[in-house]
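J.: Sending over start_23.cif (mmCIF, N, CA and C atoms).
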```cif
data_coords
loop_
_atom_site.label_atom_id
_atom_site.label_comp_id
_atom_site.auth_asym_id
_atom_site.auth_seq_id
_atom_site.Cartn_x
_atom_site.Cartn_y
_atom_site.Cartn_z
N MET A 1 10.29 -15.72 2.74
CA MET A 1 9.32 -14.65 2.71
C MET A 1 7.96 -15.19 2.28
N PHE A 2 7.95 -16.11 1.34
CA PHE A 2 6.69 -16.66 0.88
C PHE A 2 6.13 -17.68 1.87
N LEU A 3 7.03 -18.35 2.58
CA LEU A 3 6.58 -19.25 3.65
C LEU A 3 5.90 -18.45 4.77
N ALA A 4 6.29 -17.20 4.93
CA ALA A 4 5.67 -16.35 5.95
C ALA A 4 4.18 -16.17 5.66
N LEU A 5 3.79 -16.04 4.39
CA LEU A 5 2.37 -15.88 4.05
C LEU A 5 1.56 -17.07 4.54
N ALA A 6 2.07 -18.27 4.25
CA ALA A 6 1.38 -19.47 4.71
C ALA A 6 1.32 -19.52 6.23
N GLY A 7 2.40 -19.10 6.90
CA GLY A 7 2.42 -19.08 8.36
C GLY A 7 1.41 -18.11 8.94
N ILE A 8 1.27 -16.95 8.32
CA ILE A 8 0.29 -15.96 8.79
C ILE A 8 -1.12 -16.50 8.59
N ALA A 9 -1.40 -17.06 7.41
CA ALA A 9 -2.74 -17.60 7.14
C ALA A 9 -3.07 -18.75 8.10
N THR A 10 -2.11 -19.63 8.34
CA THR A 10 -2.33 -20.74 9.27
C THR A 10 -2.64 -20.21 10.66
N HIS A 11 -1.88 -19.21 11.09
CA HIS A 11 -2.12 -18.61 12.40
C HIS A 11 -3.54 -18.04 12.48
N LEU A 12 -3.98 -17.34 11.43
CA LEU A 12 -5.33 -16.76 11.43
C LEU A 12 -6.42 -17.84 11.41
N ARG A 13 -6.18 -18.94 10.72
CA ARG A 13 -7.16 -20.04 10.69
C ARG A 13 -7.40 -20.60 12.09
N ASN A 14 -6.42 -20.48 12.97
CA ASN A 14 -6.53 -20.99 14.33
C ASN A 14 -7.11 -19.98 15.31
N VAL A 15 -7.34 -18.76 14.87
CA VAL A 15 -7.98 -17.75 15.72
C VAL A 15 -9.47 -18.06 15.77
N PRO A 16 -10.05 -18.20 16.96
CA PRO A 16 -11.47 -18.59 17.05
C PRO A 16 -12.40 -17.74 16.18
N HIS A 17 -12.17 -16.45 16.10
CA HIS A 17 -13.06 -15.59 15.30
C HIS A 17 -13.09 -15.99 13.83
N PHE A 18 -11.99 -16.52 13.31
CA PHE A 18 -11.88 -16.80 11.87
C PHE A 18 -12.05 -18.28 11.51
N GLN A 19 -12.38 -19.12 12.45
CA GLN A 19 -12.45 -20.56 12.15
C GLN A 19 -13.54 -20.92 11.16
N SER A 20 -14.58 -20.12 11.04
CA SER A 20 -15.63 -20.40 10.06
C SER A 20 -15.49 -19.54 8.81
N TRP A 21 -14.41 -18.76 8.72
CA TRP A 21 -14.18 -17.87 7.58
C TRP A 21 -13.31 -18.57 6.53
N SER A 22 -13.33 -18.03 5.32
CA SER A 22 -12.39 -18.45 4.29
C SER A 22 -11.10 -17.66 4.51
N VAL A 23 -10.05 -18.34 4.94
CA VAL A 23 -8.75 -17.69 5.17
C VAL A 23 -7.80 -18.24 4.11
N ARG A 24 -7.32 -17.36 3.23
CA ARG A 24 -6.48 -17.80 2.12
C ARG A 24 -5.16 -17.05 2.11
N ASP A 25 -4.16 -17.68 1.49
CA ASP A 25 -2.82 -17.10 1.51
C ASP A 25 -2.33 -16.62 0.16
N GLY A 26 -3.13 -16.72 -0.87
CA GLY A 26 -2.72 -16.23 -2.18
C GLY A 26 -1.75 -17.14 -2.91
N LEU A 27 -1.32 -18.21 -2.28
CA LEU A 27 -0.37 -19.13 -2.90
C LEU A 27 -0.99 -20.46 -3.29
N THR A 28 -2.10 -20.78 -2.66
CA THR A 28 -2.76 -22.05 -2.95
C THR A 28 -4.03 -21.80 -3.74
N SER A 29 -4.46 -22.81 -4.44
CA SER A 29 -5.68 -22.72 -5.24
C SER A 29 -6.88 -22.87 -4.32
N GLU A 30 -7.58 -21.77 -4.12
CA GLU A 30 -8.74 -21.77 -3.24
C GLU A 30 -9.84 -20.95 -3.88
N PRO A 31 -11.10 -21.28 -3.61
CA PRO A 31 -12.20 -20.47 -4.15
C PRO A 31 -12.09 -19.03 -3.65
N ARG A 32 -12.30 -18.10 -4.54
CA ARG A 32 -12.18 -16.69 -4.19
C ARG A 32 -13.52 -16.00 -3.98
N ASP A 33 -14.60 -16.78 -3.99
CA ASP A 33 -15.92 -16.15 -3.87
C ASP A 33 -16.56 -16.34 -2.50
N ALA A 34 -15.87 -17.02 -1.57
CA ALA A 34 -16.41 -17.24 -0.23
C ALA A 34 -16.36 -15.96 0.59
N VAL A 35 -17.44 -15.68 1.32
CA VAL A 35 -17.56 -14.51 2.18
C VAL A 35 -18.16 -14.99 3.49
N PRO A 36 -17.67 -14.56 4.62
CA PRO A 36 -16.59 -13.61 4.86
C PRO A 36 -15.23 -14.24 4.59
N PHE A 37 -14.23 -13.37 4.38
CA PHE A 37 -12.91 -13.88 4.06
C PHE A 37 -11.81 -13.04 4.68
N VAL A 38 -10.65 -13.68 4.79
CA VAL A 38 -9.38 -13.01 5.10
C VAL A 38 -8.42 -13.49 4.02
N ASP A 39 -7.75 -12.55 3.37
CA ASP A 39 -6.85 -12.88 2.28
C ASP A 39 -5.47 -12.28 2.59
N VAL A 40 -4.46 -13.13 2.72
CA VAL A 40 -3.10 -12.72 3.06
C VAL A 40 -2.27 -12.68 1.78
N ARG A 41 -1.69 -11.51 1.47
CA ARG A 41 -0.94 -11.35 0.21
C ARG A 41 0.39 -10.64 0.44
N PHE A 42 1.36 -11.00 -0.37
CA PHE A 42 2.66 -10.33 -0.43
C PHE A 42 2.50 -9.11 -1.33
N GLU A 43 2.88 -7.93 -0.82
CA GLU A 43 2.73 -6.68 -1.58
C GLU A 43 4.05 -6.15 -2.13
N GLY A 44 5.15 -6.71 -1.72
CA GLY A 44 6.46 -6.22 -2.12
C GLY A 44 7.38 -6.23 -0.91
N ALA A 45 8.56 -5.65 -1.04
CA ALA A 45 9.50 -5.62 0.08
C ALA A 45 10.48 -4.48 -0.12
N THR A 46 10.99 -3.99 0.99
CA THR A 46 12.11 -3.06 0.94
C THR A 46 13.36 -3.84 1.31
N VAL A 47 14.47 -3.38 0.80
CA VAL A 47 15.75 -4.02 1.08
C VAL A 47 16.67 -2.94 1.62
N GLY A 48 17.32 -3.23 2.72
CA GLY A 48 18.18 -2.22 3.31
C GLY A 48 19.25 -2.80 4.19
N ASP A 49 20.06 -1.91 4.69
CA ASP A 49 21.13 -2.25 5.62
C ASP A 49 22.00 -3.39 5.08
N ALA A 50 22.34 -3.27 3.82
CA ALA A 50 23.24 -4.28 3.24
C ALA A 50 24.65 -4.07 3.79
N LYS A 51 25.22 -5.12 4.32
CA LYS A 51 26.57 -5.06 4.88
C LYS A 51 27.54 -5.64 3.85
N GLY A 52 27.82 -4.85 2.85
CA GLY A 52 28.68 -5.36 1.79
C GLY A 52 28.02 -6.53 1.11
N ALA A 53 28.76 -7.57 0.90
CA ALA A 53 28.21 -8.76 0.26
C ALA A 53 27.90 -9.86 1.27
N SER A 54 27.99 -9.56 2.59
CA SER A 54 27.84 -10.63 3.57
C SER A 54 26.42 -10.79 4.11
N SER A 55 25.59 -9.73 4.09
CA SER A 55 24.22 -9.86 4.60
C SER A 55 23.36 -8.71 4.10
N VAL A 56 22.05 -8.92 4.19
CA VAL A 56 21.10 -7.89 3.76
C VAL A 56 19.80 -8.07 4.53
N ASN A 57 19.15 -6.96 4.87
CA ASN A 57 17.84 -7.01 5.51
C ASN A 57 16.76 -6.95 4.44
N VAL A 58 15.77 -7.81 4.55
CA VAL A 58 14.62 -7.80 3.65
C VAL A 58 13.38 -7.59 4.52
N SER A 59 12.57 -6.59 4.17
CA SER A 59 11.37 -6.27 4.93
C SER A 59 10.14 -6.35 4.04
N PRO A 60 9.49 -7.52 4.00
CA PRO A 60 8.29 -7.67 3.19
C PRO A 60 7.12 -6.84 3.73
N VAL A 61 6.25 -6.45 2.82
CA VAL A 61 5.00 -5.80 3.16
C VAL A 61 3.90 -6.81 2.85
N VAL A 62 3.06 -7.07 3.84
CA VAL A 62 2.01 -8.07 3.72
C VAL A 62 0.67 -7.40 3.96
N SER A 63 -0.28 -7.62 3.04
CA SER A 63 -1.63 -7.10 3.26
C SER A 63 -2.52 -8.24 3.75
N VAL A 64 -3.35 -7.91 4.70
CA VAL A 64 -4.34 -8.85 5.22
C VAL A 64 -5.69 -8.19 4.96
N SER A 65 -6.37 -8.66 3.92
CA SER A 65 -7.67 -8.09 3.54
C SER A 65 -8.78 -8.82 4.27
N ILE A 66 -9.72 -8.05 4.80
CA ILE A 66 -10.87 -8.60 5.51
C ILE A 66 -12.11 -8.17 4.73
N GLY A 67 -12.95 -9.12 4.37
CA GLY A 67 -14.17 -8.81 3.63
C GLY A 67 -15.38 -9.47 4.25
N VAL A 68 -16.46 -8.68 4.37
CA VAL A 68 -17.73 -9.20 4.88
C VAL A 68 -18.84 -8.80 3.92
N ALA A 69 -19.94 -9.50 3.99
CA ALA A 69 -21.09 -9.20 3.14
C ALA A 69 -21.74 -7.89 3.58
N ARG A 70 -22.15 -7.10 2.60
CA ARG A 70 -22.93 -5.90 2.91
C ARG A 70 -24.24 -6.35 3.57
N SER A 71 -24.56 -5.73 4.69
CA SER A 71 -25.78 -6.07 5.42
C SER A 71 -25.95 -5.05 6.53
N PRO A 72 -27.08 -5.08 7.21
CA PRO A 72 -27.23 -4.20 8.37
C PRO A 72 -26.19 -4.48 9.47
N ASP A 73 -25.63 -5.70 9.49
CA ASP A 73 -24.64 -6.08 10.50
C ASP A 73 -23.20 -5.92 10.02
N ALA A 74 -22.98 -5.41 8.82
CA ALA A 74 -21.64 -5.36 8.24
C ALA A 74 -20.66 -4.56 9.10
N ALA A 75 -21.09 -3.42 9.64
CA ALA A 75 -20.18 -2.60 10.45
C ALA A 75 -19.73 -3.37 11.70
N ALA A 76 -20.66 -4.04 12.36
CA ALA A 76 -20.31 -4.80 13.56
C ALA A 76 -19.43 -6.00 13.20
N ASP A 77 -19.76 -6.68 12.08
CA ASP A 77 -18.95 -7.82 11.65
C ASP A 77 -17.53 -7.40 11.32
N LEU A 78 -17.41 -6.29 10.60
CA LEU A 78 -16.09 -5.79 10.22
C LEU A 78 -15.30 -5.32 11.43
N HIS A 79 -15.97 -4.66 12.36
CA HIS A 79 -15.30 -4.21 13.58
C HIS A 79 -14.73 -5.39 14.36
N ALA A 80 -15.53 -6.43 14.54
CA ALA A 80 -15.08 -7.61 15.30
C ALA A 80 -13.91 -8.30 14.60
N ALA A 81 -13.98 -8.41 13.27
CA ALA A 81 -12.90 -9.05 12.52
C ALA A 81 -11.63 -8.21 12.55
N PHE A 82 -11.78 -6.91 12.43
CA PHE A 82 -10.66 -5.97 12.49
C PHE A 82 -9.93 -6.12 13.82
N ALA A 83 -10.68 -6.11 14.90
CA ALA A 83 -10.08 -6.24 16.24
C ALA A 83 -9.41 -7.60 16.41
N ALA A 84 -10.05 -8.67 15.94
CA ALA A 84 -9.47 -10.01 16.08
C ALA A 84 -8.18 -10.14 15.28
N ALA A 85 -8.15 -9.57 14.08
CA ALA A 85 -6.95 -9.65 13.24
C ALA A 85 -5.79 -8.88 13.85
N ILE A 86 -6.05 -7.68 14.35
CA ILE A 86 -4.98 -6.90 14.97
C ILE A 86 -4.45 -7.62 16.21
N LYS A 87 -5.35 -8.11 17.03
CA LYS A 87 -4.94 -8.82 18.25
C LYS A 87 -4.09 -10.05 17.91
N ALA A 88 -4.48 -10.76 16.84
CA ALA A 88 -3.78 -11.99 16.47
C ALA A 88 -2.44 -11.72 15.78
N LEU A 89 -2.33 -10.60 15.06
CA LEU A 89 -1.16 -10.43 14.20
C LEU A 89 -0.14 -9.39 14.66
N HIS A 90 -0.57 -8.28 15.24
CA HIS A 90 0.41 -7.26 15.63
C HIS A 90 1.32 -7.85 16.71
N GLY A 91 2.59 -7.95 16.41
CA GLY A 91 3.55 -8.54 17.34
C GLY A 91 3.78 -10.03 17.14
N PHE A 92 3.03 -10.66 16.23
CA PHE A 92 3.18 -12.10 15.96
C PHE A 92 4.50 -12.35 15.23
N LYS A 93 5.27 -13.33 15.71
CA LYS A 93 6.51 -13.72 15.05
C LYS A 93 6.25 -14.92 14.17
N VAL A 94 6.45 -14.75 12.89
CA VAL A 94 6.19 -15.80 11.91
C VAL A 94 7.36 -16.76 11.88
N PRO A 95 7.11 -18.06 12.09
CA PRO A 95 8.21 -19.01 11.98
C PRO A 95 8.75 -19.05 10.55
N GLY A 96 10.04 -19.25 10.42
CA GLY A 96 10.65 -19.33 9.10
C GLY A 96 10.76 -20.77 8.64
N ALA A 97 11.64 -20.98 7.72
CA ALA A 97 11.83 -22.32 7.16
C ALA A 97 12.28 -23.27 8.27
N ASN A 98 11.61 -24.40 8.39
CA ASN A 98 11.90 -25.36 9.45
C ASN A 98 13.34 -25.86 9.42
N GLU A 99 13.87 -26.04 8.22
CA GLU A 99 15.20 -26.62 8.13
C GLU A 99 16.31 -25.68 8.62
N THR A 100 16.05 -24.38 8.67
CA THR A 100 17.08 -23.45 9.12
C THR A 100 16.73 -22.79 10.45
N LYS A 101 15.54 -23.02 10.94
CA LYS A 101 15.07 -22.42 12.19
C LYS A 101 15.09 -20.88 12.13
N ASP A 102 14.97 -20.34 10.93
CA ASP A 102 14.95 -18.88 10.78
C ASP A 102 13.69 -18.30 11.39
N LEU A 103 13.80 -17.13 11.95
CA LEU A 103 12.64 -16.41 12.45
C LEU A 103 12.60 -15.02 11.84
N TRP A 104 11.41 -14.62 11.46
CA TRP A 104 11.19 -13.25 11.02
C TRP A 104 10.99 -12.38 12.25
N THR A 105 11.19 -11.09 12.11
CA THR A 105 10.84 -10.18 13.21
C THR A 105 9.32 -10.17 13.34
N ALA A 106 8.84 -9.63 14.43
CA ALA A 106 7.40 -9.57 14.66
C ALA A 106 6.70 -8.71 13.61
N LEU A 107 5.47 -9.10 13.29
CA LEU A 107 4.65 -8.29 12.39
C LEU A 107 4.32 -6.97 13.07
N ILE A 108 4.42 -5.89 12.31
CA ILE A 108 4.09 -4.57 12.81
C ILE A 108 3.03 -3.96 11.90
N LEU A 109 1.90 -3.57 12.48
CA LEU A 109 0.84 -2.92 11.71
C LEU A 109 1.30 -1.52 11.35
N GLY A 110 1.31 -1.22 10.07
CA GLY A 110 1.80 0.08 9.63
C GLY A 110 0.75 0.96 8.98
N GLN A 111 -0.34 0.35 8.53
CA GLN A 111 -1.33 1.13 7.79
C GLN A 111 -2.64 0.33 7.70
N VAL A 112 -3.74 1.05 7.60
CA VAL A 112 -5.04 0.44 7.33
C VAL A 112 -5.61 1.16 6.12
N ARG A 113 -6.04 0.38 5.14
CA ARG A 113 -6.61 0.94 3.91
C ARG A 113 -8.02 0.41 3.73
N ALA A 114 -8.82 1.17 2.99
CA ALA A 114 -10.14 0.69 2.61
C ALA A 114 -9.97 -0.39 1.55
N LEU A 115 -10.77 -1.41 1.63
CA LEU A 115 -10.80 -2.45 0.59
C LEU A 115 -11.70 -1.92 -0.51
N ASP A 116 -11.23 -1.94 -1.74
CA ASP A 116 -12.07 -1.49 -2.84
C ASP A 116 -13.35 -2.31 -2.83
N PRO A 117 -14.50 -1.63 -2.75
CA PRO A 117 -15.76 -2.38 -2.69
C PRO A 117 -16.02 -3.11 -4.00
N PHE A 118 -16.50 -4.31 -3.89
CA PHE A 118 -16.89 -5.06 -5.08
C PHE A 118 -18.11 -5.91 -4.75
N ASP A 119 -18.93 -6.10 -5.75
CA ASP A 119 -20.16 -6.87 -5.60
C ASP A 119 -20.86 -6.50 -4.30
N SER A 120 -21.01 -7.44 -3.42
CA SER A 120 -21.73 -7.17 -2.18
C SER A 120 -20.82 -7.29 -0.97
N VAL A 121 -19.53 -6.95 -1.15
CA VAL A 121 -18.54 -7.10 -0.09
C VAL A 121 -17.96 -5.73 0.29
N VAL A 122 -17.78 -5.52 1.59
CA VAL A 122 -17.08 -4.35 2.10
C VAL A 122 -15.97 -4.83 3.02
N GLY A 123 -14.96 -4.00 3.22
CA GLY A 123 -13.89 -4.43 4.11
C GLY A 123 -12.75 -3.46 4.21
N CYS A 124 -11.61 -3.98 4.66
CA CYS A 124 -10.41 -3.16 4.83
C CYS A 124 -9.19 -4.04 4.64
N GLN A 125 -8.05 -3.38 4.50
CA GLN A 125 -6.76 -4.06 4.42
C GLN A 125 -5.89 -3.59 5.56
N LEU A 126 -5.31 -4.53 6.27
CA LEU A 126 -4.31 -4.23 7.28
C LEU A 126 -2.96 -4.46 6.63
N ILE A 127 -2.08 -3.46 6.68
CA ILE A 127 -0.78 -3.55 6.04
C ILE A 127 0.28 -3.72 7.12
N PHE A 128 0.96 -4.86 7.08
CA PHE A 128 1.99 -5.19 8.05
C PHE A 128 3.36 -5.25 7.39
N THR A 129 4.38 -4.99 8.19
CA THR A 129 5.75 -5.24 7.75
C THR A 129 6.39 -6.22 8.73
N LEU A 130 7.38 -6.91 8.24
CA LEU A 130 8.21 -7.78 9.06
C LEU A 130 9.59 -7.75 8.43
N GLY A 131 10.55 -8.39 9.03
CA GLY A 131 11.89 -8.32 8.47
C GLY A 131 12.74 -9.52 8.85
N LYS A 132 13.80 -9.66 8.11
CA LYS A 132 14.74 -10.74 8.36
C LYS A 132 16.08 -10.37 7.74
N ARG A 133 17.15 -10.66 8.47
CA ARG A 133 18.49 -10.48 7.93
C ARG A 133 18.91 -11.79 7.27
N PHE A 134 19.27 -11.70 6.03
CA PHE A 134 19.78 -12.86 5.30
C PHE A 134 21.30 -12.77 5.26
N GLU A 135 21.94 -13.77 5.83
CA GLU A 135 23.39 -13.86 5.76
C GLU A 135 23.75 -14.50 4.43
N VAL A 136 24.68 -13.90 3.75
CA VAL A 136 25.09 -14.38 2.43
C VAL A 136 26.55 -14.77 2.49
N GLY A 137 26.81 -16.04 2.31
CA GLY A 137 28.18 -16.52 2.31
C GLY A 137 28.70 -16.60 0.89
N ALA A 138 29.94 -16.92 0.77
CA ALA A 138 30.52 -17.14 -0.56
C ALA A 138 29.82 -18.33 -1.19
N CYS A 139 29.50 -18.23 -2.42
CA CYS A 139 28.75 -19.27 -3.11
C CYS A 139 29.74 -20.29 -3.70
N GLY A 140 29.98 -21.33 -2.93
CA GLY A 140 30.89 -22.35 -3.39
C GLY A 140 30.29 -23.28 -4.41
N ALA A 141 28.93 -23.34 -4.46
CA ALA A 141 28.26 -24.25 -5.38
C ALA A 141 27.76 -23.54 -6.62
N CYS A 142 28.00 -22.23 -6.74
CA CYS A 142 27.48 -21.49 -7.89
C CYS A 142 28.30 -21.72 -9.14
#
```
Any chance you could give the structure as structure tokens?

T.:
Amino acid sequence: MFLALAGIATHLRNVPHFQSWSVRDGLTSEPRDAVPFVDVRFEGATVGDAKGASSVNVSPVVSVSIGVARSPDAAADLHAAFAAAIKALHGFKVPGANETKDLWTALILGQVRALDPFDSVVGCQLIFTLGKRFEVGACGAC
């Protein structure tokens, strides 16, 4: 689930619109004052469809915050970034851990929230969900 954040941020860094932006994943040490920015964060997860002790579905909630400088062009800048982020992420399948070849389900946009304004930045948050079934075997090494 945490590798998914890095995968989403890496994917956004490769989107032409965001190549000159600060794209961060919340897991690495990066300057937090760069604008414009995209910030990918884990917001929590729901757990469901547990099949006894053999498997469980985990559905993380991921926020993708977009921030631009307040200016006469802020609305146009935010609109272009909003459209680029949705195009890049809605339906995107995040690769899982390389050693297991796990795949998450496609990202689904579920909500858009206002970004709390701060200093000279305005923006929004795109809230996505994704999911994965974790198979749980008997723990022979526990």

J.: Could you find all residues in chain A that DSSP calls alpha helix (DSSP H) from the backbone, and write them as a list in words?

T.: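 For chain A, the alpha helix (DSSP H) set is Phe2, Leu3, Ala4, Leu5, Ala6, Gly7, Ile8, Ala9, Thr10, His11, Leu12, Arg13, Ala74, Ala75, Ala76, Asp77, Leu78, His79, Ala80, Ala81, Phe82, Ala83, Ala84, Ala85, Ile86, Lys87, Ala88 and Leu89 of chain A.
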
J.: Please compute the atom N of Ala88 of chain A-atom CA of Asp39 of chain A distance, one decimal, in Å.

T.: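 These two atoms are separated by 14.9 Å.
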
J.: Do you know which residues are at most 10 Å from Lys132 of chain A counting only C-alpha atoms, after dropping those on the same chain fewer than 2 positions away, and could you put them as a PyMOL selection string?

T.: chain A and resi 1+47+56-60+96+102-106+130+134-135

J.: Find the distance between atom CA of Val94 of chain A and atom CA of Arg24 of chain A and write it in Å to one decimal.

T.: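 Separation of atom CA of Val94 of chain A and atom CA of Arg24 of chain A: 16.1 Å.
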
J.: Expand the PyMOL selection byres ((chain A and resi 9-11) around 8) into the explicit residue set it covers here, and present it as a PyMOL selection string.

T.: chain A and resi 3-8+12-16+23-25+38-40+88-89

J.: Considering all atoms listed in the file, state which residue in the set A:Leu78, A:Gly44, A:Thr129, A:Ser29 is at the smallest distance from Gly110 of chain A.

T.: A:Thr129

J.: What would the selection look like, as a list of chain:residue names, if the PyMOL selection byres (((chain A and resi 43 and name CA) around 8) and name CA) were run on the coordinates I just shared?

T.: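 After applying the PyMOL selection byres (((chain A and resi 43 and name CA) around 8) and name CA), what remains is A:Arg41, A:Phe42, A:Gly44, A:Ala45, A:Pro60, A:Val61, A:Val62, A:Ser63.
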
J.: Grab the atom N of Val136 of chain A to atom C of Pro95 of chain A distance for me, in Å with one decimal place.

T.: 18.1 Å

J.: Could you give me the centre and size, in Å to one decimal, of an axis-aligned box around all listed atoms of segment 23-36 of chain A with 4 Å added on every side, as JSON?

T.:
```
{"center_x": -9.3, "center_y": -18.2, "center_z": 0.0, "size_x": 25.8, "size_y": 17.3, "size_z": 18.4}
```

J.: What would the selection look like, as a list in words, if the PyMOL selection byres (((chain A and resi 67-75 and name CA) around 7) and name CA) were run on the coordinates I just shared?

T.: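 Written out, the selection comes to Val35, Pro36, Phe37, Val38, Ser65, Ile66, Ala76, Asp77, Leu78, His79, Ser120, Val121, Val122, Gly123 and Cys124 of chain A.
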